[in-house]
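Asks: If it helps, the file is called model00.pdb and holds PDB, C-alpha atoms:
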```pdb
ATOM      1  CA  MET U   1      -9.410   2.452  -1.710  1.00  0.00           C
ATOM      2  CA  GLY U   2      -6.881   5.187  -1.012  1.00  0.00           C
ATOM      3  CA  TYR U   3      -7.130   8.896  -1.750  1.00  0.00           C
ATOM      4  CA  ASP U   4      -5.062   8.794  -4.958  1.00  0.00           C
ATOM      5  CA  GLU U   5      -6.841   5.715  -6.270  1.00  0.00           C
ATOM      6  CA  ARG U   6     -10.242   7.346  -5.748  1.00  0.00           C
ATOM      7  CA  ASN U   7      -9.031  10.410  -7.647  1.00  0.00           C
ATOM      8  CA  THR U   8      -7.706   8.208 -10.441  1.00  0.00           C
ATOM      9  CA  TRP U   9     -11.101   6.534 -10.836  1.00  0.00           C
ATOM     10  CA  ALA U  10     -12.865   9.909 -10.807  1.00  0.00           C
ATOM     11  CA  GLN U  11     -10.545  11.358 -13.461  1.00  0.00           C
ATOM     12  CA  LEU U  12     -10.781   8.259 -15.637  1.00  0.00           C
ATOM     13  CA  LEU U  13     -14.577   8.129 -15.544  1.00  0.00           C
ATOM     14  CA  VAL U  14     -14.894  11.844 -16.212  1.00  0.00           C
ATOM     15  CA  GLY U  15     -12.278  11.650 -18.974  1.00  0.00           C
ATOM     16  CA  VAL U  16     -14.119   8.879 -20.825  1.00  0.00           C
ATOM     17  CA  VAL U  17     -17.591  10.405 -20.365  1.00  0.00           C
ATOM     18  CA  GLY U  18     -16.357  13.912 -21.274  1.00  0.00           C
ATOM     19  CA  PHE U  19     -14.630  12.713 -24.434  1.00  0.00           C
ATOM     20  CA  LEU U  20     -17.635  10.665 -25.592  1.00  0.00           C
ATOM     21  CA  THR U  21     -19.968  13.584 -24.832  1.00  0.00           C
ATOM     22  CA  TYR U  22     -17.840  15.889 -26.969  1.00  0.00           C
ATOM     23  CA  VAL U  23     -17.788  13.418 -29.871  1.00  0.00           C
ATOM     24  CA  VAL U  24     -21.570  12.910 -29.723  1.00  0.00           C
ATOM     25  CA  ILE U  25     -22.289  16.665 -29.574  1.00  0.00           C
ATOM     26  CA  VAL U  26     -19.919  17.529 -32.435  1.00  0.00           C
ATOM     27  CA  LEU U  27     -21.268  14.713 -34.627  1.00  0.00           C
ATOM     28  CA  GLY U  28     -24.800  15.849 -33.753  1.00  0.00           C
ATOM     29  CA  LYS U  29     -23.988  19.424 -34.744  1.00  0.00           C
ATOM     30  CA  ALA U  30     -22.536  18.215 -38.049  1.00  0.00           C
ATOM     31  CA  ASP U  31     -25.745  16.284 -38.720  1.00  0.00           C
ATOM     32  CA  GLY U  32     -24.177  14.413 -41.606  1.00  0.00           C
ATOM     33  CA  GLY U  33     -22.606  17.534 -43.085  1.00  0.00           C
ATOM     34  CA  PRO U  34     -18.880  18.347 -43.275  1.00  0.00           C
ATOM     35  CA  LEU U  35     -17.214  18.334 -39.838  1.00  0.00           C
ATOM     36  CA  VAL U  36     -14.996  21.319 -40.640  1.00  0.00           C
ATOM     37  CA  GLU U  37     -18.078  23.566 -40.634  1.00  0.00           C
ATOM     38  CA  VAL U  38     -19.057  22.624 -37.084  1.00  0.00           C
ATOM     39  CA  ALA U  39     -18.620  25.322 -34.416  1.00  0.00           C
ATOM     40  CA  TYR U  40     -16.729  23.018 -32.067  1.00  0.00           C
ATOM     41  CA  GLN U  41     -14.949  25.681 -29.986  1.00  0.00           C
ATOM     42  CA  SER U  42     -17.609  26.371 -27.352  1.00  0.00           C
ATOM     43  CA  THR U  43     -18.384  22.642 -26.991  1.00  0.00           C
ATOM     44  CA  MET U  44     -14.718  21.840 -26.457  1.00  0.00           C
ATOM     45  CA  LEU U  45     -14.252  24.585 -23.879  1.00  0.00           C
ATOM     46  CA  TRP U  46     -17.429  23.595 -22.016  1.00  0.00           C
ATOM     47  CA  VAL U  47     -16.432  19.935 -21.971  1.00  0.00           C
ATOM     48  CA  ILE U  48     -12.956  20.793 -20.633  1.00  0.00           C
ATOM     49  CA  GLY U  49     -14.359  23.127 -17.966  1.00  0.00           C
ATOM     50  CA  LEU U  50     -17.145  20.814 -16.866  1.00  0.00           C
ATOM     51  CA  SER U  51     -14.782  17.825 -16.827  1.00  0.00           C
ATOM     52  CA  ILE U  52     -12.475  19.586 -14.370  1.00  0.00           C
ATOM     53  CA  ALA U  53     -15.419  20.509 -12.132  1.00  0.00           C
ATOM     54  CA  ALA U  54     -16.989  17.028 -12.409  1.00  0.00           C
ATOM     55  CA  SER U  55     -13.681  15.369 -11.583  1.00  0.00           C
ATOM     56  CA  ILE U  56     -13.369  17.394  -8.362  1.00  0.00           C
ATOM     57  CA  LEU U  57     -16.990  16.754  -7.360  1.00  0.00           C
ATOM     58  CA  LEU U  58     -16.721  13.030  -8.119  1.00  0.00           C
ATOM     59  CA  SER U  59     -13.543  12.755  -6.025  1.00  0.00           C
ATOM     60  CA  ILE U  60     -15.380  14.366  -3.114  1.00  0.00           C
ATOM     61  CA  ALA U  61     -18.369  12.055  -3.637  1.00  0.00           C
ATOM     62  CA  PHE U  62     -16.096   8.982  -3.690  1.00  0.00           C
ATOM     63  CA  SER U  63     -14.418  10.143  -0.479  1.00  0.00           C
ATOM     64  CA  ILE U  64     -17.776  10.551   1.246  1.00  0.00           C
ATOM     65  CA  ALA U  65     -19.050   7.199  -0.066  1.00  0.00           C
ATOM     66  CA  SER U  66     -15.898   5.327   0.986  1.00  0.00           C
ATOM     67  CA  GLY U  67     -16.045   6.782   4.492  1.00  0.00           C
ATOM     68  CA  GLU U  68     -12.274   7.229   4.530  1.00  0.00           C
ATOM     69  CA  ARG U  69     -11.047  10.587   5.678  1.00  0.00           C
ATOM     70  CA  THR U  70      -7.330  10.102   5.070  1.00  0.00           C
ATOM     71  CA  PHE U  71      -5.588  12.091   2.377  1.00  0.00           C
ATOM     72  CA  ARG U  72      -2.243  10.365   2.790  1.00  0.00           C
ATOM     73  CA  ARG U  73      -0.099   9.868  -0.281  1.00  0.00           C
ATOM     74  CA  ASP U  74       2.823   7.485  -0.014  1.00  0.00           C
ATOM     75  CA  GLN U  75       5.698   6.111  -2.056  1.00  0.00           C
ATOM     76  CA  ARG U  76       3.482   3.587  -3.868  1.00  0.00           C
ATOM     77  CA  ASP U  77       1.058   6.323  -4.919  1.00  0.00           C
ATOM     78  CA  LYS U  78       3.940   8.394  -6.273  1.00  0.00           C
ATOM     79  CA  GLU U  79       5.390   5.439  -8.186  1.00  0.00           C
ATOM     80  CA  ILE U  80       1.991   4.596  -9.689  1.00  0.00           C
ATOM     81  CA  SER U  81       1.439   8.246 -10.575  1.00  0.00           C
ATOM     82  CA  ALA U  82       4.805   8.404 -12.357  1.00  0.00           C
ATOM     83  CA  PHE U  83       4.044   5.140 -14.177  1.00  0.00           C
ATOM     84  CA  GLY U  84       0.639   6.445 -15.309  1.00  0.00           C
ATOM     85  CA  THR U  85       2.141   9.706 -16.540  1.00  0.00           C
ATOM     86  CA  ARG U  86       4.739   7.781 -18.536  1.00  0.00           C
ATOM     87  CA  MET U  87       2.027   5.628 -20.130  1.00  0.00           C
ATOM     88  CA  GLY U  88      -0.097   8.623 -21.120  1.00  0.00           C
ATOM     89  CA  GLN U  89       2.624  11.004 -22.193  1.00  0.00           C
ATOM     90  CA  ALA U  90       3.221   9.331 -25.559  1.00  0.00           C
ATOM     91  CA  TRP U  91      -0.197  10.548 -26.729  1.00  0.00           C
ATOM     92  CA  VAL U  92       0.675  14.168 -25.970  1.00  0.00           C
ATOM     93  CA  VAL U  93       3.763  13.852 -28.181  1.00  0.00           C
ATOM     94  CA  ILE U  94       1.779  12.091 -30.917  1.00  0.00           C
ATOM     95  CA  GLY U  95      -0.838  14.881 -30.770  1.00  0.00           C
ATOM     96  CA  ALA U  96       1.782  17.615 -30.977  1.00  0.00           C
ATOM     97  CA  VAL U  97       3.607  15.985 -33.883  1.00  0.00           C
ATOM     98  CA  ALA U  98       0.329  15.308 -35.717  1.00  0.00           C
ATOM     99  CA  ALA U  99      -0.811  18.916 -35.195  1.00  0.00           C
ATOM    100  CA  LEU U 100       2.559  20.203 -36.415  1.00  0.00           C
ATOM    101  CA  ALA U 101       2.377  18.081 -39.548  1.00  0.00           C
ATOM    102  CA  MET U 102      -1.240  19.120 -40.182  1.00  0.00           C
ATOM    103  CA  ALA U 103      -0.390  22.805 -39.759  1.00  0.00           C
ATOM    104  CA  MET U 104       2.510  22.464 -42.209  1.00  0.00           C
ATOM    105  CA  ALA U 105       0.187  20.748 -44.668  1.00  0.00           C
ATOM    106  CA  GLU U 106      -2.320  23.593 -44.111  1.00  0.00           C
ATOM    107  CA  TRP U 107      -5.152  21.369 -42.911  1.00  0.00           C
ATOM    108  CA  ASP U 108      -8.316  23.022 -41.640  1.00  0.00           C
ATOM    109  CA  TRP U 109      -8.067  24.444 -38.103  1.00  0.00           C
ATOM    110  CA  PHE U 110     -10.864  22.085 -37.048  1.00  0.00           C
ATOM    111  CA  TRP U 111      -8.644  19.041 -37.561  1.00  0.00           C
ATOM    112  CA  ILE U 112      -5.613  20.631 -35.912  1.00  0.00           C
ATOM    113  CA  ALA U 113      -7.567  21.604 -32.787  1.00  0.00           C
ATOM    114  CA  ASN U 114      -9.336  18.287 -32.625  1.00  0.00           C
ATOM    115  CA  VAL U 115      -6.311  16.086 -33.103  1.00  0.00           C
ATOM    116  CA  ILE U 116      -4.732  17.864 -30.127  1.00  0.00           C
ATOM    117  CA  PHE U 117      -7.929  17.473 -28.089  1.00  0.00           C
ATOM    118  CA  VAL U 118      -8.326  13.792 -28.990  1.00  0.00           C
ATOM    119  CA  CYS U 119      -4.716  13.049 -28.090  1.00  0.00           C
ATOM    120  CA  PHE U 120      -5.063  14.908 -24.769  1.00  0.00           C
ATOM    121  CA  ALA U 121      -8.157  12.827 -24.029  1.00  0.00           C
ATOM    122  CA  LEU U 122      -6.399   9.587 -25.030  1.00  0.00           C
ATOM    123  CA  SER U 123      -3.435  10.583 -22.877  1.00  0.00           C
ATOM    124  CA  ALA U 124      -5.692  11.074 -19.848  1.00  0.00           C
ATOM    125  CA  ILE U 125      -7.566   7.822 -20.506  1.00  0.00           C
ATOM    126  CA  PHE U 126      -4.386   5.753 -21.013  1.00  0.00           C
ATOM    127  CA  GLU U 127      -2.866   7.306 -17.895  1.00  0.00           C
ATOM    128  CA  GLY U 128      -5.986   6.507 -15.889  1.00  0.00           C
ATOM    129  CA  VAL U 129      -6.239   2.925 -17.120  1.00  0.00           C
ATOM    130  CA  ALA U 130      -2.530   2.308 -16.459  1.00  0.00           C
ATOM    131  CA  LYS U 131      -2.861   3.657 -12.919  1.00  0.00           C
ATOM    132  CA  VAL U 132      -5.998   1.653 -12.150  1.00  0.00           C
ATOM    133  CA  VAL U 133      -4.323  -1.534 -13.420  1.00  0.00           C
ATOM    134  CA  ALA U 134      -1.229  -0.740 -11.339  1.00  0.00           C
ATOM    135  CA  TYR U 135      -3.358  -0.197  -8.225  1.00  0.00           C
ATOM    136  CA  ARG U 136      -5.285  -3.433  -8.785  1.00  0.00           C
ATOM    137  CA  ARG U 137      -2.563  -5.759 -10.095  1.00  0.00           C
ATOM    138  CA  GLY U 138       0.688  -4.071  -9.139  1.00  0.00           C
ATOM    139  CA  LEU U 139       3.357  -2.173 -11.014  1.00  0.00           C
ATOM    140  CA  PRO U 140       5.091  -3.993 -13.849  1.00  0.00           C
ATOM    141  CA  GLN U 141       8.529  -5.299 -12.883  1.00  0.00           C
ATOM    142  CA  TRP U 142      10.958  -4.009 -15.466  1.00  0.00           C
TER     143      TRP U 142
ATOM    144  CA  MET N   1       9.431 -12.234  -3.594  1.00  0.00           C
ATOM    145  CA  THR N   2       7.348 -13.529  -0.737  1.00  0.00           C
ATOM    146  CA  ASN N   3       6.858 -12.109   2.729  1.00  0.00           C
ATOM    147  CA  ARG N   4       5.652 -13.084   6.203  1.00  0.00           C
ATOM    148  CA  ILE N   5       4.100  -9.783   7.163  1.00  0.00           C
ATOM    149  CA  ARG N   6       0.677 -11.257   7.840  1.00  0.00           C
ATOM    150  CA  ALA N   7       2.105 -13.932  10.149  1.00  0.00           C
ATOM    151  CA  LEU N   8       4.320 -11.382  11.883  1.00  0.00           C
ATOM    152  CA  ARG N   9       1.367  -9.053  12.446  1.00  0.00           C
ATOM    153  CA  PHE N  10      -0.564 -11.818  14.165  1.00  0.00           C
ATOM    154  CA  ALA N  11       2.496 -12.765  16.188  1.00  0.00           C
ATOM    155  CA  HIS N  12       2.753  -9.167  17.379  1.00  0.00           C
ATOM    156  CA  ALA N  13      -0.462  -8.828  19.336  1.00  0.00           C
ATOM    157  CA  GLU N  14      -2.548  -9.156  16.174  1.00  0.00           C
ATOM    158  CA  MET N  15      -1.366  -5.847  14.861  1.00  0.00           C
ATOM    159  CA  THR N  16      -3.815  -4.518  12.283  1.00  0.00           C
ATOM    160  CA  GLN N  17      -2.849  -3.420   8.794  1.00  0.00           C
ATOM    161  CA  ALA N  18      -3.889   0.102   9.766  1.00  0.00           C
ATOM    162  CA  GLU N  19      -1.563   0.084  12.783  1.00  0.00           C
ATOM    163  CA  LEU N  20       1.357  -1.136  10.705  1.00  0.00           C
ATOM    164  CA  ALA N  21       0.574   1.460   8.028  1.00  0.00           C
ATOM    165  CA  GLU N  22       0.571   4.177  10.686  1.00  0.00           C
ATOM    166  CA  ARG N  23       3.978   3.048  11.970  1.00  0.00           C
ATOM    167  CA  LEU N  24       5.418   3.014   8.455  1.00  0.00           C
ATOM    168  CA  GLY N  25       3.807   6.284   7.406  1.00  0.00           C
ATOM    169  CA  VAL N  26       2.053   4.715   4.429  1.00  0.00           C
ATOM    170  CA  THR N  27      -1.551   3.987   3.507  1.00  0.00           C
ATOM    171  CA  ARG N  28      -3.334   0.817   4.586  1.00  0.00           C
ATOM    172  CA  GLN N  29      -3.728  -0.032   0.899  1.00  0.00           C
ATOM    173  CA  THR N  30       0.052  -0.091   0.518  1.00  0.00           C
ATOM    174  CA  VAL N  31       0.420  -2.512   3.426  1.00  0.00           C
ATOM    175  CA  ILE N  32      -2.249  -4.729   1.829  1.00  0.00           C
ATOM    176  CA  ALA N  33      -0.469  -4.551  -1.551  1.00  0.00           C
ATOM    177  CA  ILE N  34       2.886  -5.509   0.040  1.00  0.00           C
ATOM    178  CA  GLU N  35       1.304  -8.382   1.995  1.00  0.00           C
ATOM    179  CA  GLN N  36      -0.328  -9.732  -1.149  1.00  0.00           C
ATOM    180  CA  GLY N  37       2.897  -9.409  -3.159  1.00  0.00           C
ATOM    181  CA  ARG N  38       1.426  -6.800  -5.508  1.00  0.00           C
ATOM    182  CA  TYR N  39       3.988  -4.186  -4.528  1.00  0.00           C
ATOM    183  CA  SER N  40       7.677  -4.516  -3.758  1.00  0.00           C
ATOM    184  CA  PRO N  41       8.648  -1.924  -1.162  1.00  0.00           C
ATOM    185  CA  SER N  42      11.825   0.108  -1.379  1.00  0.00           C
ATOM    186  CA  LEU N  43      14.817  -1.134   0.592  1.00  0.00           C
ATOM    187  CA  GLU N  44      14.236   1.631   3.115  1.00  0.00           C
ATOM    188  CA  MET N  45      10.603   0.662   3.660  1.00  0.00           C
ATOM    189  CA  ALA N  46      11.573  -3.006   3.871  1.00  0.00           C
ATOM    190  CA  PHE N  47      13.946  -2.165   6.717  1.00  0.00           C
ATOM    191  CA  GLN N  48      11.229  -0.095   8.400  1.00  0.00           C
ATOM    192  CA  ILE N  49       8.852  -3.074   8.231  1.00  0.00           C
ATOM    193  CA  ALA N  50      11.493  -5.383   9.727  1.00  0.00           C
ATOM    194  CA  ARG N  51      12.202  -2.832  12.446  1.00  0.00           C
ATOM    195  CA  ALA N  52       8.483  -2.525  13.247  1.00  0.00           C
ATOM    196  CA  PHE N  53       8.491  -6.245  14.080  1.00  0.00           C
ATOM    197  CA  GLY N  54      11.948  -6.224  15.663  1.00  0.00           C
ATOM    198  CA  VAL N  55      13.290  -8.928  13.332  1.00  0.00           C
ATOM    199  CA  PRO N  56      15.994  -9.091  10.645  1.00  0.00           C
ATOM    200  CA  LEU N  57      15.034  -8.327   7.048  1.00  0.00           C
ATOM    201  CA  ASP N  58      15.396 -12.002   6.080  1.00  0.00           C
ATOM    202  CA  ASP N  59      12.677 -12.943   8.554  1.00  0.00           C
ATOM    203  CA  VAL N  60      10.202 -10.700   6.730  1.00  0.00           C
ATOM    204  CA  PHE N  61      11.076 -11.096   3.066  1.00  0.00           C
ATOM    205  CA  ASP N  62      12.209 -14.094   1.101  1.00  0.00           C
ATOM    206  CA  TYR N  63      13.756 -13.899  -2.324  1.00  0.00           C
ATOM    207  CA  PRO N  64      14.042 -17.502  -3.520  1.00  0.00           C
ATOM    208  CA  ASP N  65      17.011 -18.615  -5.600  1.00  0.00           C
ATOM    209  CA  GLY N  66      16.424 -18.302  -9.318  1.00  0.00           C
ATOM    210  CA  GLU N  67      13.606 -15.777  -8.960  1.00  0.00           C
ATOM    211  CA  GLN N  68      13.798 -13.037 -11.532  1.00  0.00           C
ATOM    212  CA  SER N  69      11.337 -10.163 -11.641  1.00  0.00           C
TER     213      SER N  69
END
```
Can you present the structure in this file as structure tokens?
Replies:
Amino acid sequence: MGYDERNTWAQLLVGVVGFLTYVVIVLGKADGGPLVEVAYQSTMLWVIGLSIAASILLSIAFSIASGERTFRRDQRDKEISAFGTRMGQAWVVIGAVAALAMAMAEWDWFWIANVIFVCFALSAIFEGVAKVVAYRRGLPQW
Amino acid sequence: MTNRIRALRFAHAEMTQAELAERLGVTRQTVIAIEQGRYSPSLEMAFQIARAFGVPLDDVFDYPDGEQS
């Protein structure tokens, strides 16, 4: 497994675990009550911060475990990276448009912040899955 | 698109995938992906592969009639 592929796996795993952790903590804080009253801000910031740190540490751990010391990135890695970005980017746009519409409709700030966060997470997860599939099965021919 | 990279490697002093990757300036995983038909290299890389074996492009890659990808 190459350097970029190891990083992709690390980011995907951390993305999924981080997102699920956030959902579980926020739902736990709500404890059946209204979600808009949950103090989600610190949880969100901690999850984002710890996810970045965990992703770096996991990449290092994968490198050590694989025994490969090369950090080469070639044309295939760049093409797969571009493909993954394209697959994930739609969710960023969906999140922005949804947040815009919610702000115009004067929804609670909780929903606006969380729809952006959820779409960022989905973007990262879709990007990661697309890249892993491309590494394992090849890029789609279109 | 099919290729004869594996056969050509063995015909050239059993060149390893790592050695070919080093010559091409790519990762070993990319050489594996090309050999297995999971990745179509750019025209430039295809020429580099052919040059590494000292053969024409047609001797490395085959694009059968009627194939559409």
Asks: Segment 37-45 of chain N: which residues within 9 Å, counting only C-alpha atoms, same-chain residues fewer than 3 positions away excluded, as an mmCIF file with C-alpha atoms, in the frame of the given file?
Replies:
```cif
data_model
loop_
_atom_site.group_PDB
_atom_site.id
_atom_site.type_symbol
_atom_site.label_atom_id
_atom_site.label_comp_id
_atom_site.auth_asym_id
_atom_site.auth_seq_id
_atom_site.Cartn_x
_atom_site.Cartn_y
_atom_site.Cartn_z
ATOM 1 C CA GLN U 75 5.698 6.111 -2.056
ATOM 2 C CA ARG U 76 3.482 3.587 -3.868
ATOM 3 C CA ALA U 134 -1.229 -0.740 -11.339
ATOM 4 C CA TYR U 135 -3.358 -0.197 -8.225
ATOM 5 C CA ARG U 136 -5.285 -3.433 -8.785
ATOM 6 C CA ARG U 137 -2.563 -5.759 -10.095
ATOM 7 C CA GLY U 138 0.688 -4.071 -9.139
ATOM 8 C CA LEU U 139 3.357 -2.173 -11.014
ATOM 9 C CA MET N 1 9.431 -12.234 -3.594
ATOM 10 C CA THR N 2 7.348 -13.529 -0.737
ATOM 11 C CA ASN N 3 6.858 -12.109 2.729
ATOM 12 C CA LEU N 24 5.418 3.014 8.455
ATOM 13 C CA THR N 30 0.052 -0.091 0.518
ATOM 14 C CA VAL N 31 0.420 -2.512 3.426
ATOM 15 C CA ILE N 32 -2.249 -4.729 1.829
ATOM 16 C CA ALA N 33 -0.469 -4.551 -1.551
ATOM 17 C CA ILE N 34 2.886 -5.509 0.040
ATOM 18 C CA GLN N 48 11.229 -0.095 8.400
ATOM 19 C CA ILE N 49 8.852 -3.074 8.231
ATOM 20 C CA ALA N 50 11.493 -5.383 9.727
#
```
Asks: Distance limit 12 Å, atoms considered: all atoms listed in the file. Which chain U residues sit that close to chain N? Return them as a list in words.
Replies: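 Residues passing the distance filter: Met1, Gly2, Tyr3, Asp4, Glu5, Arg6, Glu68, Arg69, Thr70, Phe71, Arg72, Arg73, Asp74, Gln75, Arg76, Asp77, Lys78, Glu79, Ile80, Val133, Ala134, Tyr135, Arg136, Arg137, Gly138, Leu139, Pro140, Gln141 and Trp142 of chain U.
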Asks: Of the candidates U:Gly33, U:Ala101, U:Gln89, U:Ile52, which one gets nearest to Ser123 of chain U if we count all atoms listed in the file?
Replies: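 Checking each of U:Gly33, U:Ala101, U:Gln89, U:Ile52 against Ser123 of chain U, counting all atoms listed in the file, the winner is U:Gln89.
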Asks: Can you list, as a ChimeraX atom specification, every protein, DNA or RNA residue that comes within 12 Å of Glu127 of chain U when you count all atoms listed in the file, leaving out same-chain residues fewer than 2 positions away?
Replies: /U:8-9,11-13,15-16,80-92,119-125,129-134
Asks: Tell me, in Å to one decimal, how far atom CA of Tyr22 of chain U is from atom CA of Ala113 of chain U.
Replies: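 The value is 13.1 Å.
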Asks: So how far away is atom CA of Gln17 of chain N from atom CA of Glu35 of chain N, in Å?
Replies: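 That distance, rounded to one decimal, is 9.4 Å.
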